[in-house]
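Printed here is start05.tsv (TSV, C-alpha atoms):
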```tsv
chain	number	residue	atom	x	y	z
S	1	MET	CA	13.15	-29.23	-1.42
S	2	SER	CA	12.33	-26.41	1.01
S	3	ASN	CA	10.81	-23.18	-0.29
S	4	LEU	CA	14.01	-21.26	0.47
S	5	ARG	CA	16.17	-23.79	-1.35
S	6	THR	CA	13.70	-23.82	-4.26
S	7	LEU	CA	13.89	-20.01	-4.51
S	8	MET	CA	17.69	-20.05	-4.32
S	9	PHE	CA	17.86	-22.77	-6.98
S	10	ALA	CA	15.42	-20.86	-9.23
S	11	ALA	CA	17.37	-17.64	-8.75
S	12	ALA	CA	20.65	-19.38	-9.57
S	13	LEU	CA	19.14	-20.63	-12.81
S	14	GLY	CA	17.70	-17.22	-13.61
S	15	ALA	CA	14.19	-18.60	-13.49
S	16	ALA	CA	11.21	-16.77	-12.12
S	17	ALA	CA	10.64	-17.49	-8.46
S	18	PRO	CA	7.43	-19.32	-7.65
S	19	ALA	CA	4.65	-17.30	-6.07
S	20	PHE	CA	4.08	-17.85	-2.37
S	21	ALA	CA	0.34	-17.37	-2.58
S	22	GLU	CA	-2.17	-17.21	-5.33
S	23	GLU	CA	-4.00	-13.96	-5.78
S	24	LYS	CA	-7.48	-14.25	-4.28
S	25	PRO	CA	-10.32	-13.32	-6.62
S	26	VAL	CA	-12.34	-10.18	-5.95
S	27	ASP	CA	-15.79	-9.27	-7.15
S	28	PRO	CA	-15.75	-7.72	-10.64
S	29	TYR	CA	-15.26	-3.96	-10.76
S	30	THR	CA	-14.36	-1.28	-13.27
S	31	GLN	CA	-10.66	-0.51	-13.20
S	32	SER	CA	-10.07	3.23	-13.24
S	33	ASN	CA	-7.47	5.66	-11.99
S	34	ALA	CA	-10.41	7.47	-10.36
S	35	ASN	CA	-10.49	4.55	-7.89
S	36	ALA	CA	-7.18	5.83	-6.47
S	37	GLY	CA	-9.23	8.33	-4.50
S	38	ALA	CA	-7.50	11.61	-5.33
S	39	THR	CA	-6.10	13.67	-8.17
S	40	PRO	CA	-2.41	12.92	-8.78
S	41	PHE	CA	0.33	15.50	-8.39
S	42	THR	CA	1.58	16.88	-11.69
S	43	GLY	CA	5.17	16.90	-12.79
S	44	GLU	CA	8.02	14.75	-11.52
S	45	GLN	CA	8.98	16.61	-8.34
S	46	MET	CA	6.83	14.67	-5.86
S	47	LEU	CA	7.78	11.26	-7.25
S	48	ALA	CA	11.44	12.28	-7.12
S	49	ALA	CA	11.01	13.39	-3.49
S	50	PHE	CA	9.95	9.81	-2.70
S	51	ASN	CA	12.95	8.35	-4.56
S	52	GLY	CA	10.93	7.24	-7.55
S	53	ARG	CA	8.90	4.09	-7.90
S	54	GLU	CA	11.63	2.12	-6.11
S	55	GLY	CA	11.29	4.42	-3.08
S	56	VAL	CA	7.51	4.08	-3.16
S	57	ALA	CA	7.88	0.29	-3.22
S	58	ARG	CA	10.17	0.38	-0.19
S	59	ILE	CA	7.82	2.70	1.68
S	60	VAL	CA	4.77	0.54	0.97
S	61	ASP	CA	6.58	-2.67	1.90
S	62	ASP	CA	7.91	-1.14	5.12
S	63	THR	CA	4.48	0.30	6.00
S	64	LEU	CA	2.78	-3.04	5.48
S	65	ASP	CA	5.50	-5.00	7.27
S	66	ARG	CA	5.17	-2.70	10.30
S	67	SER	CA	1.38	-2.88	10.19
S	68	VAL	CA	1.14	-6.66	9.89
S	69	ALA	CA	3.61	-7.06	12.77
S	70	ASP	CA	1.67	-4.63	14.98
S	71	PRO	CA	-0.58	-6.69	17.29
S	72	ARG	CA	-3.09	-3.81	17.34
S	73	LEU	CA	-3.61	-4.26	13.58
S	74	THR	CA	-3.21	-8.00	13.10
S	75	ASP	CA	-6.93	-8.68	12.69
S	76	ILE	CA	-7.26	-6.23	9.81
S	77	PHE	CA	-4.79	-8.20	7.70
S	78	ARG	CA	-5.79	-11.73	8.73
S	79	ALA	CA	-7.89	-12.44	5.62
S	80	THR	CA	-6.10	-10.02	3.30
S	81	ASP	CA	-4.41	-11.05	0.08
S	82	MET	CA	-1.14	-9.34	0.98
S	83	GLU	CA	0.38	-9.84	-2.46
S	84	ARG	CA	-2.52	-7.99	-4.08
S	85	LEU	CA	-2.52	-5.31	-1.36
S	86	ARG	CA	1.20	-4.63	-1.83
S	87	ARG	CA	0.79	-4.38	-5.60
S	88	THR	CA	-2.26	-2.11	-5.59
S	89	LEU	CA	-0.98	0.12	-2.77
S	90	LYS	CA	2.29	0.63	-4.66
S	91	GLU	CA	0.27	1.49	-7.77
S	92	GLN	CA	-1.97	3.88	-5.84
S	93	VAL	CA	0.83	5.79	-4.12
S	94	ALA	CA	3.00	5.95	-7.25
S	95	HIS	CA	0.01	7.09	-9.33
S	96	LEU	CA	-0.87	9.81	-6.81
S	97	LEU	CA	2.76	10.99	-6.77
S	98	GLY	CA	2.57	11.49	-10.54
S	99	ALA	CA	4.21	8.31	-11.83
S	100	PRO	CA	3.00	7.06	-15.21
S	101	VAL	CA	1.27	4.12	-13.49
S	102	ASP	CA	-2.34	3.01	-13.63
S	103	TYR	CA	-4.12	2.08	-10.41
S	104	THR	CA	-5.83	-1.30	-10.86
S	105	GLY	CA	-7.42	-1.58	-7.42
S	106	ARG	CA	-10.95	-1.00	-6.27
S	107	ASP	CA	-12.21	2.27	-4.83
S	108	MET	CA	-11.55	2.89	-1.12
S	109	LYS	CA	-15.17	2.53	0.04
S	110	THR	CA	-15.61	-0.87	-1.64
S	111	THR	CA	-12.19	-2.09	-0.57
S	112	HIS	CA	-12.68	-1.30	3.11
S	113	LYS	CA	-16.44	-1.83	3.57
S	114	ASP	CA	-16.16	-5.15	5.45
S	115	GLN	CA	-12.90	-4.54	7.30
S	116	GLY	CA	-14.33	-2.66	10.27
S	117	ILE	CA	-11.40	-0.26	10.60
S	118	ASN	CA	-11.73	2.32	13.37
S	119	THR	CA	-10.06	5.72	13.74
S	120	ALA	CA	-7.32	4.45	16.08
S	121	GLU	CA	-6.37	1.71	13.61
S	122	PHE	CA	-6.40	4.17	10.71
S	123	ASN	CA	-4.11	6.47	12.68
S	124	LEU	CA	-1.72	3.58	13.39
S	125	LEU	CA	-1.52	2.81	9.67
S	126	VAL	CA	-0.68	6.46	8.99
S	127	GLU	CA	1.96	6.37	11.74
S	128	HIS	CA	3.55	3.30	10.18
S	129	MET	CA	3.59	5.05	6.81
S	130	GLN	CA	5.24	8.12	8.35
S	131	LEU	CA	7.94	5.94	9.90
S	132	ALA	CA	8.50	4.25	6.53
S	133	MET	CA	8.74	7.62	4.77
S	134	ASP	CA	11.21	8.82	7.43
S	135	LYS	CA	13.30	5.70	6.87
S	136	GLU	CA	13.27	6.40	3.11
S	137	GLY	CA	14.48	9.95	3.78
S	138	VAL	CA	11.39	11.72	2.43
S	139	ALA	CA	11.31	15.35	3.58
S	140	TYR	CA	8.64	16.17	6.13
S	141	ARG	CA	6.93	18.70	3.84
S	142	HIS	CA	6.62	16.12	1.05
S	143	GLN	CA	5.24	13.58	3.52
S	144	ASN	CA	2.62	16.12	4.55
S	145	GLN	CA	1.69	16.83	0.94
S	146	LEU	CA	1.04	13.13	0.30
S	147	LEU	CA	-0.78	12.64	3.59
S	148	ALA	CA	-2.99	15.65	2.82
S	149	LYS	CA	-3.97	13.95	-0.43
S	150	LEU	CA	-4.70	10.65	1.36
S	151	ALA	CA	-6.49	12.15	4.41
S	152	PRO	CA	-9.94	12.62	2.79
S	153	MET	CA	-10.00	8.86	2.11
S	154	LYS	CA	-10.42	8.33	5.86
S	155	ARG	CA	-14.20	8.66	5.53
S	156	ASP	CA	-14.23	5.68	3.13
S	157	VAL	CA	-11.71	3.58	5.11
S	158	VAL	CA	-12.99	4.04	8.68
S	159	THR	CA	-16.26	2.15	9.01
S	160	ARG	CA	-16.69	1.78	12.79
```

Show how you would write the structure in this file as structure tokens.
Amino acid sequence: MSNLRTLMFAAALGAAAPAFAEEKPVDPYTQSNANAGATPFTGEQMLAAFNGREGVARIVDDTLDRSVADPRLTDIFRATDMERLRRTLKEQVAHLLGAPVDYTGRDMKTTHKDQGINTAEFNLLVEHMQLAMDKEGVAYRHQNQLLAKLAPMKRDVVTR
């Protein structure tokens, strides 16, 4: 049975859909919200401006879909566990926006140390995120507030 038919059959039965890829193991690390790289916003206003955790999920998925499809960024994602990246990036953004969510990913320096990301590639990723936030209807001022929180992470992400 094809994967699509298997998923449709599982969905019809109310069963959990099978995973497409197994999560790749990473070196052990201490899980901490400090690994998210910034202090979260307080209150519920910022999370609400991004349409809650559901909006964050859509923004992250759209950002990553755009980035993976961009031939200028393809090499960055070639060996990436996209399932893990989607999960931890959703956690990170939601956590920073003040959601009651723990970030389970590694710190930015460790995560990006072997990826060889340059400034132009970093800027493209930011551009894709801005387009995703626009699509989600996030006000420009709220976008800027989040981007200002993420911007200092550039020094840990850009390694060449």

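Residues in contact with Ala36 of chain S at 10 Å, where only C-alpha atoms are counted and same-chain residues fewer than 5 positions away are skipped, are listed as Gln31, Thr88, Leu89, Glu91, Gln92, Val93, His95, Leu96, Asp102, Tyr103, Thr104, Gly105, Arg106, Asp107, Met108, Leu150 and Met153 of chain S.
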
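For the pair atom CA of Ser32 of chain S and atom CA of Leu97 of chain S, the separation is 16.3 Å.
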
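Between atom CA of Asp61 of chain S and atom CA of Leu125 of chain S lies a distance of 12.5 Å.
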
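Here atom CA of Gln143 of chain S is placed at a distance of 20.0 Å from atom CA of Thr119 of chain S.
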
Enclose segment 120-136 of chain S, meaning all of its atoms listed in the file, in a box aligned along x, y and z, pad it by 6 Å on each side, and list the centre and edge lengths in Å to one decimal, as AutoDock Vina command-line options.
```
--center_x 3.0 --center_y 5.3 --center_z 9.6 --size_x 32.6 --size_y 19.1 --size_z 25.0
```

### Task
Find the residues near Asn123 of chain S: any atom within 12 Å, counting all atoms listed in the file, skip ones fewer than 2 places away on the same chain, and give them as an MDAnalysis selection string.
chainID S and resid 67 72:73 117:121 125:130 147 151 154 157:158

### Summary
Of S:Ala99, S:Leu124, S:Leu146, S:Ala94, the one nearest to Arg58 of chain S when counting all atoms listed in the file is S:Ala94

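Closest approach to Lys135 of chain S from the set S:Val60, S:Leu47, S:Ala148, S:Met82 is made by S:Val60, with distances taken over all atoms listed in the file.
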
I need segment 82-98 of chain S written out with all heavy atoms, as a PDB file, in the first residue's frame; please produce it.
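Result file result.pdb:
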```pdb
ATOM      1  N   MET S  82      14.489  17.240   9.596  1.00  0.00           N
ATOM      2  CA  MET S  82      13.474  18.283   9.475  1.00  0.00           C
ATOM      3  C   MET S  82      12.349  18.117  10.495  1.00  0.00           C
ATOM      4  O   MET S  82      11.783  19.114  10.953  1.00  0.00           O
ATOM      5  CB  MET S  82      12.905  18.317   8.053  1.00  0.00           C
ATOM      6  CG  MET S  82      13.908  18.786   7.013  1.00  0.00           C
ATOM      7  SD  MET S  82      14.611  20.430   7.352  1.00  0.00           S
ATOM      8  CE  MET S  82      13.155  21.465   7.221  1.00  0.00           C
ATOM      9  N   GLU S  83      12.033  16.918  10.854  1.00  0.00           N
ATOM     10  CA  GLU S  83      10.983  16.702  11.855  1.00  0.00           C
ATOM     11  C   GLU S  83      11.400  17.315  13.198  1.00  0.00           C
ATOM     12  O   GLU S  83      10.629  18.018  13.846  1.00  0.00           O
ATOM     13  CB  GLU S  83      10.729  15.199  12.000  1.00  0.00           C
ATOM     14  CG  GLU S  83       9.505  14.858  12.800  1.00  0.00           C
ATOM     15  CD  GLU S  83       9.201  13.363  12.756  1.00  0.00           C
ATOM     16  OE1 GLU S  83       9.405  12.732  11.711  1.00  0.00           O
ATOM     17  OE2 GLU S  83       8.759  12.856  13.797  1.00  0.00           O
ATOM     18  N   ARG S  84      12.624  17.057  13.588  1.00  0.00           N
ATOM     19  CA  ARG S  84      13.150  17.616  14.838  1.00  0.00           C
ATOM     20  C   ARG S  84      13.253  19.140  14.735  1.00  0.00           C
ATOM     21  O   ARG S  84      12.895  19.855  15.675  1.00  0.00           O
ATOM     22  CB  ARG S  84      14.522  17.013  15.153  1.00  0.00           C
ATOM     23  CG  ARG S  84      15.149  17.573  16.393  1.00  0.00           C
ATOM     24  CD  ARG S  84      16.553  16.968  16.625  1.00  0.00           C
ATOM     25  NE  ARG S  84      17.164  17.553  17.771  1.00  0.00           N
ATOM     26  CZ  ARG S  84      16.911  17.205  19.036  1.00  0.00           C
ATOM     27  NH1 ARG S  84      16.045  16.242  19.296  1.00  0.00           N
ATOM     28  NH2 ARG S  84      17.505  17.803  20.035  1.00  0.00           N
ATOM     29  N   LEU S  85      13.750  19.649  13.600  1.00  0.00           N
ATOM     30  CA  LEU S  85      13.881  21.090  13.418  1.00  0.00           C
ATOM     31  C   LEU S  85      12.530  21.782  13.534  1.00  0.00           C
ATOM     32  O   LEU S  85      12.395  22.798  14.213  1.00  0.00           O
ATOM     33  CB  LEU S  85      14.530  21.409  12.062  1.00  0.00           C
ATOM     34  CG  LEU S  85      14.629  22.894  11.709  1.00  0.00           C
ATOM     35  CD1 LEU S  85      15.436  23.661  12.753  1.00  0.00           C
ATOM     36  CD2 LEU S  85      15.230  23.057  10.323  1.00  0.00           C
ATOM     37  N   ARG S  86      11.522  21.233  12.868  1.00  0.00           N
ATOM     38  CA  ARG S  86      10.179  21.831  12.948  1.00  0.00           C
ATOM     39  C   ARG S  86       9.690  21.863  14.400  1.00  0.00           C
ATOM     40  O   ARG S  86       9.162  22.872  14.868  1.00  0.00           O
ATOM     41  CB  ARG S  86       9.185  21.064  12.079  1.00  0.00           C
ATOM     42  CG  ARG S  86       9.337  21.330  10.607  1.00  0.00           C
ATOM     43  CD  ARG S  86       8.322  20.538   9.779  1.00  0.00           C
ATOM     44  NE  ARG S  86       8.668  20.574   8.383  1.00  0.00           N
ATOM     45  CZ  ARG S  86       8.374  21.591   7.559  1.00  0.00           C
ATOM     46  NH1 ARG S  86       7.695  22.627   8.010  1.00  0.00           N
ATOM     47  NH2 ARG S  86       8.748  21.562   6.292  1.00  0.00           N
ATOM     48  N   ARG S  87       9.862  20.767  15.101  1.00  0.00           N
ATOM     49  CA  ARG S  87       9.388  20.686  16.485  1.00  0.00           C
ATOM     50  C   ARG S  87      10.117  21.685  17.376  1.00  0.00           C
ATOM     51  O   ARG S  87       9.484  22.459  18.103  1.00  0.00           O
ATOM     52  CB  ARG S  87       9.573  19.269  17.045  1.00  0.00           C
ATOM     53  CG  ARG S  87       9.163  19.137  18.511  1.00  0.00           C
ATOM     54  CD  ARG S  87       9.347  17.728  19.051  1.00  0.00           C
ATOM     55  NE  ARG S  87      10.652  17.178  18.854  1.00  0.00           N
ATOM     56  CZ  ARG S  87      11.712  17.413  19.641  1.00  0.00           C
ATOM     57  NH1 ARG S  87      11.600  18.220  20.680  1.00  0.00           N
ATOM     58  NH2 ARG S  87      12.868  16.848  19.400  1.00  0.00           N
ATOM     59  N   THR S  88      11.444  21.704  17.313  1.00  0.00           N
ATOM     60  CA  THR S  88      12.190  22.562  18.232  1.00  0.00           C
ATOM     61  C   THR S  88      12.061  24.042  17.854  1.00  0.00           C
ATOM     62  O   THR S  88      12.038  24.897  18.748  1.00  0.00           O
ATOM     63  CB  THR S  88      13.673  22.156  18.321  1.00  0.00           C
ATOM     64  OG1 THR S  88      14.264  22.162  17.015  1.00  0.00           O
ATOM     65  CG2 THR S  88      13.815  20.777  18.957  1.00  0.00           C
ATOM     66  N   LEU S  89      11.940  24.352  16.565  1.00  0.00           N
ATOM     67  CA  LEU S  89      11.757  25.752  16.176  1.00  0.00           C
ATOM     68  C   LEU S  89      10.381  26.261  16.614  1.00  0.00           C
ATOM     69  O   LEU S  89      10.243  27.402  17.073  1.00  0.00           O
ATOM     70  CB  LEU S  89      11.959  25.929  14.675  1.00  0.00           C
ATOM     71  CG  LEU S  89      12.051  27.369  14.161  1.00  0.00           C
ATOM     72  CD1 LEU S  89      13.104  28.175  14.899  1.00  0.00           C
ATOM     73  CD2 LEU S  89      12.333  27.366  12.664  1.00  0.00           C
ATOM     74  N   LYS S  90       9.374  25.416  16.528  1.00  0.00           N
ATOM     75  CA  LYS S  90       8.040  25.796  17.031  1.00  0.00           C
ATOM     76  C   LYS S  90       8.102  26.028  18.538  1.00  0.00           C
ATOM     77  O   LYS S  90       7.527  26.996  19.054  1.00  0.00           O
ATOM     78  CB  LYS S  90       7.011  24.715  16.694  1.00  0.00           C
ATOM     79  CG  LYS S  90       6.653  24.665  15.230  1.00  0.00           C
ATOM     80  CD  LYS S  90       5.782  23.474  14.894  1.00  0.00           C
ATOM     81  CE  LYS S  90       5.577  23.360  13.388  1.00  0.00           C
ATOM     82  NZ  LYS S  90       4.803  22.150  13.028  1.00  0.00           N
ATOM     83  N   GLU S  91       8.803  25.151  19.245  1.00  0.00           N
ATOM     84  CA  GLU S  91       8.954  25.320  20.693  1.00  0.00           C
ATOM     85  C   GLU S  91       9.679  26.629  21.002  1.00  0.00           C
ATOM     86  O   GLU S  91       9.251  27.388  21.881  1.00  0.00           O
ATOM     87  CB  GLU S  91       9.782  24.171  21.290  1.00  0.00           C
ATOM     88  CG  GLU S  91       9.119  22.844  21.325  1.00  0.00           C
ATOM     89  CD  GLU S  91      10.064  21.733  21.758  1.00  0.00           C
ATOM     90  OE1 GLU S  91      11.278  21.975  21.975  1.00  0.00           O
ATOM     91  OE2 GLU S  91       9.586  20.588  21.864  1.00  0.00           O
ATOM     92  N   GLN S  92      10.773  26.888  20.284  1.00  0.00           N
ATOM     93  CA  GLN S  92      11.581  28.075  20.547  1.00  0.00           C
ATOM     94  C   GLN S  92      10.772  29.355  20.325  1.00  0.00           C
ATOM     95  O   GLN S  92      10.740  30.233  21.193  1.00  0.00           O
ATOM     96  CB  GLN S  92      12.823  28.080  19.661  1.00  0.00           C
ATOM     97  CG  GLN S  92      13.733  29.260  19.914  1.00  0.00           C
ATOM     98  CD  GLN S  92      14.891  29.305  18.951  1.00  0.00           C
ATOM     99  OE1 GLN S  92      14.797  28.862  17.810  1.00  0.00           O
ATOM    100  NE2 GLN S  92      16.017  29.850  19.415  1.00  0.00           N
ATOM    101  N   VAL S  93      10.124  29.464  19.187  1.00  0.00           N
ATOM    102  CA  VAL S  93       9.370  30.679  18.881  1.00  0.00           C
ATOM    103  C   VAL S  93       8.204  30.848  19.858  1.00  0.00           C
ATOM    104  O   VAL S  93       7.988  31.930  20.401  1.00  0.00           O
ATOM    105  CB  VAL S  93       8.896  30.690  17.412  1.00  0.00           C
ATOM    106  CG1 VAL S  93       7.975  31.870  17.135  1.00  0.00           C
ATOM    107  CG2 VAL S  93      10.096  30.715  16.463  1.00  0.00           C
ATOM    108  N   ALA S  94       7.465  29.779  20.100  1.00  0.00           N
ATOM    109  CA  ALA S  94       6.339  29.864  21.035  1.00  0.00           C
ATOM    110  C   ALA S  94       6.831  30.249  22.427  1.00  0.00           C
ATOM    111  O   ALA S  94       6.241  31.109  23.095  1.00  0.00           O
ATOM    112  CB  ALA S  94       5.572  28.544  21.069  1.00  0.00           C
ATOM    113  N   HIS S  95       7.907  29.633  22.870  1.00  0.00           N
ATOM    114  CA  HIS S  95       8.481  29.953  24.190  1.00  0.00           C
ATOM    115  C   HIS S  95       8.862  31.429  24.259  1.00  0.00           C
ATOM    116  O   HIS S  95       8.519  32.129  25.228  1.00  0.00           O
ATOM    117  CB  HIS S  95       9.704  29.071  24.459  1.00  0.00           C
ATOM    118  CG  HIS S  95      10.456  29.443  25.688  1.00  0.00           C
ATOM    119  ND1 HIS S  95       9.998  29.184  26.952  1.00  0.00           N
ATOM    120  CD2 HIS S  95      11.638  30.105  25.845  1.00  0.00           C
ATOM    121  CE1 HIS S  95      10.860  29.647  27.840  1.00  0.00           C
ATOM    122  NE2 HIS S  95      11.858  30.217  27.191  1.00  0.00           N
ATOM    123  N   LEU S  96       9.543  31.929  23.222  1.00  0.00           N
ATOM    124  CA  LEU S  96       9.982  33.327  23.223  1.00  0.00           C
ATOM    125  C   LEU S  96       8.805  34.298  23.176  1.00  0.00           C
ATOM    126  O   LEU S  96       8.898  35.413  23.686  1.00  0.00           O
ATOM    127  CB  LEU S  96      10.942  33.589  22.065  1.00  0.00           C
ATOM    128  CG  LEU S  96      12.294  32.878  22.181  1.00  0.00           C
ATOM    129  CD1 LEU S  96      13.144  33.138  20.947  1.00  0.00           C
ATOM    130  CD2 LEU S  96      13.034  33.277  23.462  1.00  0.00           C
ATOM    131  N   LEU S  97       7.697  33.867  22.578  1.00  0.00           N
ATOM    132  CA  LEU S  97       6.500  34.708  22.514  1.00  0.00           C
ATOM    133  C   LEU S  97       5.674  34.644  23.799  1.00  0.00           C
ATOM    134  O   LEU S  97       4.640  35.286  23.903  1.00  0.00           O
ATOM    135  CB  LEU S  97       5.637  34.322  21.315  1.00  0.00           C
ATOM    136  CG  LEU S  97       6.237  34.674  19.957  1.00  0.00           C
ATOM    137  CD1 LEU S  97       5.391  34.090  18.829  1.00  0.00           C
ATOM    138  CD2 LEU S  97       6.391  36.188  19.796  1.00  0.00           C
ATOM    139  N   GLY S  98       6.137  33.851  24.772  1.00  0.00           N
ATOM    140  CA  GLY S  98       5.486  33.808  26.074  1.00  0.00           C
ATOM    141  C   GLY S  98       4.545  32.644  26.297  1.00  0.00           C
ATOM    142  O   GLY S  98       3.845  32.606  27.315  1.00  0.00           O
TER     143      GLY S  98
END
```
